[in-house]
Amino acid sequence: MEKIFGRPEALQDRVLSYCPGCTHGIIHRLVAEVIDELKVREKTIAVAPVGCAVTAYNFFNCDCQQAAHGRAPAVATAIKRVLPDRVVFTYQGDGDLASIGTAEIIHAANRGEQFTVIFVNNAIYGMTGGQMAPTTLPGQKTTTSPYGRDVKTAGYPIKMTEMLNTLEAPLFLARVSVHDPKNVNKAKEAIKKAFEAQIQGKGFAMVEVLSTCSTNWGMTPVEALKWLENNMIPQFPLGIVRDQEGGAR
Amino acid sequence: MADRVMMKGNEAIAEGAIRAGCHYFFGYPITPQNEVPEYMAKRLPEIGGTFIQAESEVSAINMVYGAAGAGARAMTSSSSPGVSLKMEGISYIAGAELPCVIVNVSRGGPGLGGLAPSQSDYFQATKGGGHGDYRLIVLAPASVQEIIDLMYEGFVTADKYRNPVMILADGILGQMMEPVTLSEVKDLQIPPKPWATTGMINGKPQSIINSLGLAYEDLEKINIRLQKKYQEIAAHEIRFQEEETADAELIIVAYGTSARVAKTAMIKAKAQGKKVGLFRPISLWPFPSQRIQELAQAGKRFLVVEMSAGQMVEDVKLAVNGKTTVDFYGKLNGTIPSVIDVNNAIIKCFASQGVA
Amino acid sequence: MILESIFAGFGGQGVMLMGQLLAYSGMYEGKNTTYVPSYGPEMRGGTANCSVVVSDELIGSPVISEPSIVVAMNRPSMEKFEAIIKPGGVLFYNSSLIDVKPKRTDIKVVAIAANEIATELGNSRVANMVVIGAILKSTGIVNIETVMKVLQEKVLTGKKKDLVGVNRAAIEKGMSLV
C-alpha cells in the first residue's frame, strides 16, 4: 500500500505538550513540512521562546537553542552570524515577541538579519494561565483584564507585522491564520516564502500566524476557531504586507 | 617575536580577546569601556569576525548566548549598570553551560552612579547577580599586561569547563596605558564542541542548548551536576599572587587597581620599618581561601583594601575564620584610595593590633 | 629612578599629549611606564589631567598621591595640584595664563611663559612642547632624541610632518630655560 501521509522528518515522534485543540500543533507541522520540502532539516537551527512553545526543541527534529523570554531574535542573530550557511528560525508567541521582546525583534528586523521568524499570535498568555497579552483584543476578558481590556488604560492590540513594515530592511512580512483548511494552506505558502527568503540570502522574514487558545479563551476548540475568524481577523487583517522579491528596498 | 607596545587597558581587553580566538563581539556603549567596542568594530571586520552594536546590553548578552551555543568564542563587555542588565542572560548562559567571556570595566553605583573606577560589583560578580545557584569564574587583572594574559586564560578556562568567565576590571585599568608584550599565541586550545548547535549534519545527533528543567527531579540533577563542576573549578582554578608575605606580620589583601596602590603603600611601609606583605587574589571566584587560611594559621594579620564599602573582606573573614584580625580600608564610589591613605591604614593596623 | 608626574590644563592645551609623550618615551627607553587619563564628562571642557609614572622598577600605583612633578597649564590646574606635590618636587606652571605666584616654598617652581614663547616660535600650538623641554632638562628622565622619535612616529605623521622642526625648536627652547 502506498503511504500518502506521514509525520514530517523535521518533527520528532513525540506527543505534543500543547492542549487538545491548540493550533500550535498545526503551525509546528507547517514549519516542519516546509523544512522538509526545502531539504534543509540537517542544517536548520531553531530558537525556542519562553511560553507554551518553550519545549519546541522536543518537537522539532533539528538543532535547537532555547532563549530567554523575548530574546530569541538576539540569539538567532548571533547563531546566523556564526553559521551564515545554516537556516535559523525563531518560534515566538505574542508575549515573547510583542511585549518583553519588542526591542529584540525590532532591531533584528531593522538590521535585516537573515533569519525567519514564526510569530504565533493567540491574543493571550497561554503558559502562565491566560493573562492579557499585548495583542489581546479591546474588551477581551483575561485573568489580568477581568473586566475586559480597557483601551483607555491598557492600550490597543499591537500590530507587530504592520509595525515592522515601517522599517526599511525586512524582506518579507505576512499575517496568516490557521482557522480553516484554506487558510492553513495559505499559511504554509507564506512560511515557505519566509524560509526561501533566508535560504536565498535575501533578508529578514516574519510570518505572523493567528492562532487559538481554547483553554484560556474558555471555549471548545471549534468555538475558538470561529472566535478567531470573527474577532481576531477584523483586528489583525490577513495578507502579505511586504514581499520584496529583489531583496530589501 | 614579541613586541612591546603601549596599550590602553580597554584596547588590551579587545586585542587580548582577538588573540585568544574570539571573533564575535556584542556590546552596547557605556563609559568607561567604550574603547572595547570601538576597537572591535574596527578590527573584527578585518579578520572576518563579527561586531554587532546591539540595541541593549540585554540583547548583547543574548547574542553571546547564541554565538557561544553555536560553538564560537564570543564575548561582551560593559560597565556596572550595563552588567546589571546582562544578569538575566548570564544566568541563562551559566544554566545552559555555555563558555564565553563577560568583561566588567566597573564604575561606581548604585543606580547610574558615576564614571569613576570602583570595586563595588564584587558581590554581583562572585555571589550570583543573576538568579539561581550558579557560579561565574571571576578573574581580576591588575595591569594592562595581565588583561591580555587573562583574556586568553579566560577563554581557555571557559571552554574547559563550559562555564562563563567574568573579567572584573575597573575604570582605571580600562583607561590606563602601559607597555605590554604581545606574544604570538600558537595554541588557541579550542576543544571540539560536539554539543554546539551547528546542525544535524552527517548524522550528528540533535544538540539542544537549554537551561530548562521543568520536572523537579530533572532540575535537581542539573544542579547537582553544576555544583560538581563548580567544585572541580574551585579545586583547580585558584589564582593569586603573593609579595613579601613570608616574613610579614601584616598582609594587605587587595585586587585590581587597589592592589597596585597597596603595593606602593607596602613599599612605603617597609621603608618605615613595618613588616608588610601583599596578597593579591587574581581569581575572585574561586577565592583563594585555603592559602589565606594557611597565612592566618601562621599568625599573619590582614588588612583588606577595596574601592567599596567592603565586599571581598567578607570572603577574607570567612577564610580567616576568627584565627587572626582582619581590618578593612575602603574608599567609597567616586574616589580612589591613595598611597598615603593605605599607608596610614597600615600604620593604624600596627598600632591597634599591637603588631610592633 | 622613578618619576611621578601630573599634567593638567584645559582641553586643547595638549596636556594629555604631554603625558603620553612622556609615557611612550619611557617605554622606548626600556623603562616601565603608566599613563592614567582623567576621563568622563570632565573631558568636555574644564580641566583635563593625566598621571604618568616612569620608573626603572615595576610600577605599583598608577594613581599618584604625591607627584614629584606637576605641570599646570592654567590656573585651576595649579590651584588643584600645587598642594599635593612631594616636598622637593617641581611645579612647572604656564605663566602666560597664570597671573598668580605659587605659594609653596618647599618645592622648586619653574615659571614658563609657554604661550608667548610658542607664538614667538611661530606656532601657538607648541606651548606644551616648551614645557616638555623644561621637564626633560630638569629631570633627565628621558632623552630629547627619544621624545623626537616618539613625536615623529606617533604624532607628527602625514601632513603634520612639516611640524617636526618647530616642535624640536620648542623643546630645545624649553630646555634652555632651566
# chains A, B, ... in the order shown; residues from 1 in each chain; ligands from 1
$ interface_residues --of "chain B" --to "chain A" --cutoff "10 Å" --atoms "only C-alpha atoms" --output "VMD selection string"
chain B and resid 23 to 26 49 to 52 54 to 56 58 to 74 88 to 89 91 to 93 96 195 to 212 214
$ write_last_selection --atoms "C-alpha atoms" --output "short mmCIF file (atom, residue, chain, number, x, y, z; two decimals), in the first residue's frame"
data_model
loop_
_atom_site.label_atom_id
_atom_site.label_comp_id
_atom_site.auth_asym_id
_atom_site.auth_seq_id
_atom_site.Cartn_x
_atom_site.Cartn_y
_atom_site.Cartn_z
CA HIS B 23 35.94 36.75 16.65
CA TYR B 24 32.44 37.58 17.88
CA PHE B 25 31.76 40.65 19.96
CA PHE B 26 28.38 42.02 21.00
CA GLY B 49 34.84 38.38 12.55
CA THR B 50 31.55 39.93 13.61
CA PHE B 51 30.93 43.03 15.67
CA ILE B 52 27.36 43.99 16.49
CA ALA B 54 23.29 45.61 19.99
CA GLU B 55 20.14 47.55 20.87
CA SER B 56 20.79 46.97 24.57
CA VAL B 58 20.20 42.63 27.35
CA SER B 59 20.33 41.88 23.66
CA ALA B 60 24.15 41.83 23.61
CA ILE B 61 24.42 39.13 26.27
CA ASN B 62 21.77 37.05 24.49
CA MET B 63 23.77 37.35 21.29
CA VAL B 64 26.70 35.94 23.25
CA TYR B 65 24.38 33.08 24.28
CA GLY B 66 23.50 32.36 20.64
CA ALA B 67 27.08 32.59 19.36
CA ALA B 68 28.54 30.51 22.17
CA GLY B 69 25.76 27.96 21.68
CA ALA B 70 26.71 27.80 18.01
CA GLY B 71 30.27 26.93 19.05
CA ALA B 72 32.08 30.25 18.68
CA ARG B 73 34.34 32.03 21.13
CA ALA B 74 32.25 35.08 21.91
CA GLU B 88 19.42 37.59 33.17
CA GLY B 89 21.44 36.42 30.20
CA SER B 91 22.17 33.22 34.49
CA TYR B 92 20.85 31.53 31.32
CA ILE B 93 24.40 31.13 29.98
CA ALA B 96 22.94 26.27 29.63
CA TRP B 195 27.29 19.90 21.90
CA ALA B 196 27.05 23.11 19.85
CA THR B 197 24.05 23.73 17.60
CA THR B 198 25.78 23.56 14.25
CA GLY B 199 23.09 21.50 12.53
CA MET B 200 22.44 17.73 12.43
CA ILE B 201 24.89 17.33 9.58
CA ASN B 202 26.48 13.97 8.75
CA GLY B 203 24.40 12.19 11.35
CA LYS B 204 25.30 14.43 14.28
CA PRO B 205 22.66 13.84 16.95
CA GLN B 206 20.36 16.71 17.93
CA SER B 207 22.03 19.42 20.04
CA ILE B 208 19.86 21.35 22.45
CA ILE B 209 21.09 24.47 24.24
CA ASN B 210 18.79 24.88 27.16
CA SER B 211 18.55 25.81 30.81
CA LEU B 212 15.10 24.43 31.49
CA LEU B 214 10.63 21.69 34.36
#
$ residues_around --residues "B:Pro281" --least-positions-apart "2" --cutoff "9 Å" --atoms "only C-alpha atoms" --output "PDB file with N, CA and C atoms, in the first residue's frame"
ATOM      1  N   LEU B 139      37.901  36.630  37.142  1.00  0.00           N
ATOM      2  CA  LEU B 139      39.335  36.918  37.124  1.00  0.00           C
ATOM      3  C   LEU B 139      39.547  38.432  37.179  1.00  0.00           C
ATOM      4  N   ALA B 140      40.483  38.851  38.046  1.00  0.00           N
ATOM      5  CA  ALA B 140      40.692  40.287  38.256  1.00  0.00           C
ATOM      6  C   ALA B 140      42.130  40.670  37.910  1.00  0.00           C
ATOM      7  N   ILE B 238      42.294  28.207  41.153  1.00  0.00           N
ATOM      8  CA  ILE B 238      42.630  29.288  42.086  1.00  0.00           C
ATOM      9  C   ILE B 238      43.860  30.017  41.568  1.00  0.00           C
ATOM     10  N   ARG B 239      43.791  31.333  41.542  1.00  0.00           N
ATOM     11  CA  ARG B 239      44.956  32.131  41.118  1.00  0.00           C
ATOM     12  C   ARG B 239      45.162  33.266  42.103  1.00  0.00           C
ATOM     13  N   PHE B 240      46.408  33.461  42.500  1.00  0.00           N
ATOM     14  CA  PHE B 240      46.728  34.607  43.360  1.00  0.00           C
ATOM     15  C   PHE B 240      48.202  34.914  43.249  1.00  0.00           C
ATOM     16  N   GLN B 241      48.583  36.067  43.785  1.00  0.00           N
ATOM     17  CA  GLN B 241      49.984  36.457  43.789  1.00  0.00           C
ATOM     18  C   GLN B 241      50.344  36.950  45.181  1.00  0.00           C
ATOM     19  N   GLU B 242      51.501  36.504  45.663  1.00  0.00           N
ATOM     20  CA  GLU B 242      51.956  36.957  46.988  1.00  0.00           C
ATOM     21  C   GLU B 242      53.250  37.720  46.836  1.00  0.00           C
ATOM     22  N   VAL B 253      45.372  42.557  51.680  1.00  0.00           N
ATOM     23  CA  VAL B 253      44.688  41.774  50.658  1.00  0.00           C
ATOM     24  C   VAL B 253      43.944  42.761  49.763  1.00  0.00           C
ATOM     25  N   ALA B 254      44.290  42.766  48.493  1.00  0.00           N
ATOM     26  CA  ALA B 254      43.654  43.693  47.551  1.00  0.00           C
ATOM     27  C   ALA B 254      43.758  43.115  46.153  1.00  0.00           C
ATOM     28  N   TYR B 255      42.812  43.504  45.284  1.00  0.00           N
ATOM     29  CA  TYR B 255      42.849  43.050  43.894  1.00  0.00           C
ATOM     30  C   TYR B 255      42.732  44.257  42.969  1.00  0.00           C
ATOM     31  N   GLY B 256      43.055  44.042  41.700  1.00  0.00           N
ATOM     32  CA  GLY B 256      42.894  45.084  40.693  1.00  0.00           C
ATOM     33  C   GLY B 256      43.663  46.343  41.036  1.00  0.00           C
ATOM     34  N   PHE B 279      48.912  40.275  49.427  1.00  0.00           N
ATOM     35  CA  PHE B 279      48.269  39.091  48.857  1.00  0.00           C
ATOM     36  C   PHE B 279      47.231  39.576  47.862  1.00  0.00           C
ATOM     37  N   SER B 283      41.975  35.172  40.962  1.00  0.00           N
ATOM     38  CA  SER B 283      40.638  34.578  40.786  1.00  0.00           C
ATOM     39  C   SER B 283      39.816  34.996  42.009  1.00  0.00           C
ATOM     40  N   LEU B 284      38.780  35.765  41.776  1.00  0.00           N
ATOM     41  CA  LEU B 284      37.919  36.209  42.887  1.00  0.00           C
ATOM     42  C   LEU B 284      36.879  35.125  43.181  1.00  0.00           C
ATOM     43  N   PHE B 287      37.720  31.730  45.154  1.00  0.00           N
ATOM     44  CA  PHE B 287      38.524  32.616  46.001  1.00  0.00           C
ATOM     45  C   PHE B 287      39.641  31.807  46.668  1.00  0.00           C
ATOM     46  N   PRO B 288      40.842  32.376  46.753  1.00  0.00           N
ATOM     47  CA  PRO B 288      41.972  31.630  47.335  1.00  0.00           C
ATOM     48  C   PRO B 288      41.876  31.508  48.853  1.00  0.00           C
TER      49      PRO B 288
END
$ select_by_dssp --residues "stretch 135-266 of chain B" --states "strand (DSSP E or B)" --output "tab-separated table (two decimals) with N, CA, C and O atoms, in the first residue's frame"
chain	number	residue	atom	x	y	z
B	137	ILE	N	33.31	32.13	36.86
B	137	ILE	CA	34.74	32.18	37.18
B	137	ILE	C	35.10	33.66	37.01
B	137	ILE	O	34.86	34.25	35.96
B	138	VAL	N	35.60	34.27	38.08
B	138	VAL	CA	35.85	35.73	38.04
B	138	VAL	C	37.34	35.99	38.16
B	138	VAL	O	37.97	35.59	39.15
B	139	LEU	N	37.90	36.63	37.14
B	139	LEU	CA	39.34	36.92	37.12
B	139	LEU	C	39.55	38.43	37.18
B	139	LEU	O	38.89	39.17	36.46
B	164	PRO	N	30.69	30.36	31.92
B	164	PRO	CA	31.04	31.76	31.65
B	164	PRO	C	32.14	32.26	32.59
B	164	PRO	O	32.17	31.88	33.76
B	165	VAL	N	33.00	33.11	32.04
B	165	VAL	CA	34.09	33.71	32.81
B	165	VAL	C	33.87	35.21	32.81
B	165	VAL	O	33.55	35.79	31.78
B	166	MET	N	34.01	35.82	33.98
B	166	MET	CA	33.95	37.29	34.01
B	166	MET	C	35.33	37.86	34.29
B	166	MET	O	36.03	37.38	35.18
B	167	ILE	N	35.71	38.85	33.50
B	167	ILE	CA	36.91	39.62	33.78
B	167	ILE	C	36.44	40.87	34.50
B	167	ILE	O	35.72	41.68	33.93
B	168	LEU	N	36.82	40.98	35.77
B	168	LEU	CA	36.38	42.13	36.56
B	168	LEU	C	37.52	43.14	36.65
B	168	LEU	O	38.50	42.92	37.37
B	169	ALA	N	37.39	44.20	35.87
B	169	ALA	CA	38.39	45.28	35.91
B	169	ALA	C	37.72	46.51	36.51
B	169	ALA	O	36.64	46.42	37.10
B	170	ASP	N	38.34	47.65	36.39
B	170	ASP	CA	37.70	48.88	36.84
B	170	ASP	C	38.12	50.00	35.91
B	170	ASP	O	38.96	49.81	35.03
B	177	MET	N	47.18	53.45	30.31
B	177	MET	CA	48.05	52.87	29.30
B	177	MET	C	49.32	52.37	29.97
B	177	MET	O	49.85	53.01	30.86
B	178	GLU	N	49.77	51.21	29.49
B	178	GLU	CA	51.03	50.64	29.96
B	178	GLU	C	51.64	49.88	28.80
B	178	GLU	O	50.91	49.38	27.93
B	179	PRO	N	52.96	49.74	28.79
B	179	PRO	CA	53.55	48.90	27.75
B	179	PRO	C	53.19	47.44	28.00
B	179	PRO	O	53.14	47.00	29.15
B	180	VAL	N	52.89	46.72	26.92
B	180	VAL	CA	52.60	45.30	27.06
B	180	VAL	C	53.41	44.51	26.03
B	180	VAL	O	53.79	45.05	24.99
B	181	THR	N	53.64	43.26	26.37
B	181	THR	CA	54.32	42.38	25.43
B	181	THR	C	53.26	41.49	24.79
B	181	THR	O	52.54	40.78	25.48
B	182	LEU	N	53.15	41.59	23.47
B	182	LEU	CA	52.17	40.78	22.77
B	182	LEU	C	52.88	39.57	22.18
B	182	LEU	O	53.48	39.66	21.12
B	208	ILE	N	20.83	20.43	21.86
B	208	ILE	CA	19.86	21.35	22.45
B	208	ILE	C	20.59	22.22	23.46
B	208	ILE	O	21.24	21.70	24.38
B	209	ILE	N	20.52	23.53	23.27
B	209	ILE	CA	21.09	24.47	24.24
B	209	ILE	C	19.92	24.98	25.08
B	209	ILE	O	18.97	25.55	24.54
B	240	PHE	N	46.41	33.46	42.50
B	240	PHE	CA	46.73	34.61	43.36
B	240	PHE	C	48.20	34.91	43.25
B	240	PHE	O	48.97	34.13	42.67
B	241	GLN	N	48.58	36.07	43.78
B	241	GLN	CA	49.98	36.46	43.79
B	241	GLN	C	50.34	36.95	45.18
B	241	GLN	O	49.56	37.68	45.80
B	242	GLU	N	51.50	36.50	45.66
B	242	GLU	CA	51.96	36.96	46.99
B	242	GLU	C	53.25	37.72	46.84
B	242	GLU	O	54.11	37.33	46.06
B	243	GLU	N	53.38	38.80	47.58
B	243	GLU	CA	54.64	39.53	47.60
B	243	GLU	C	55.02	39.78	49.04
B	243	GLU	O	54.23	40.32	49.81
B	250	LEU	N	51.81	41.78	58.85
B	250	LEU	CA	50.51	42.23	58.34
B	250	LEU	C	50.49	42.02	56.82
B	250	LEU	O	51.44	42.37	56.12
B	251	ILE	N	49.40	41.43	56.35
B	251	ILE	CA	49.28	41.20	54.91
B	251	ILE	C	48.10	42.01	54.38
B	251	ILE	O	46.98	41.91	54.88
B	252	ILE	N	48.40	42.84	53.37
B	252	ILE	CA	47.31	43.57	52.72
B	252	ILE	C	46.69	42.64	51.68
B	252	ILE	O	47.42	42.01	50.92
B	253	VAL	N	45.37	42.56	51.68
B	253	VAL	CA	44.69	41.77	50.66
B	253	VAL	C	43.94	42.76	49.76
B	253	VAL	O	43.11	43.54	50.25
$ interface_residues --of "chain B" --to "chain C" --cutoff "10 Å" --atoms "only C-alpha atoms" --output "number ranges by chain"
B: 4-8, 31-32, 114-116, 142-144, 171-180, 257-267, 336-341
$ atom_distance --atom1 "atom CA of A:Gln12" --atom2 "atom CA of A:Phe59"
5.1 Å
$ atom_distance --atom1 "atom CA of A:Leu137" --atom2 "atom CA of A:Phe119"
17.0 Å
$ residues_around --residues "B:Gln231" --least-positions-apart "2" --cutoff "12 Å" --atoms "only C-alpha atoms" --output "ChimeraX atom specification"
/B:134-135,137,161,224-229,233-238,285-287
$ atom_distance --atom1 "atom CA of A:Val50" --atom2 "atom CA of B:Gly213"
13.0 Å
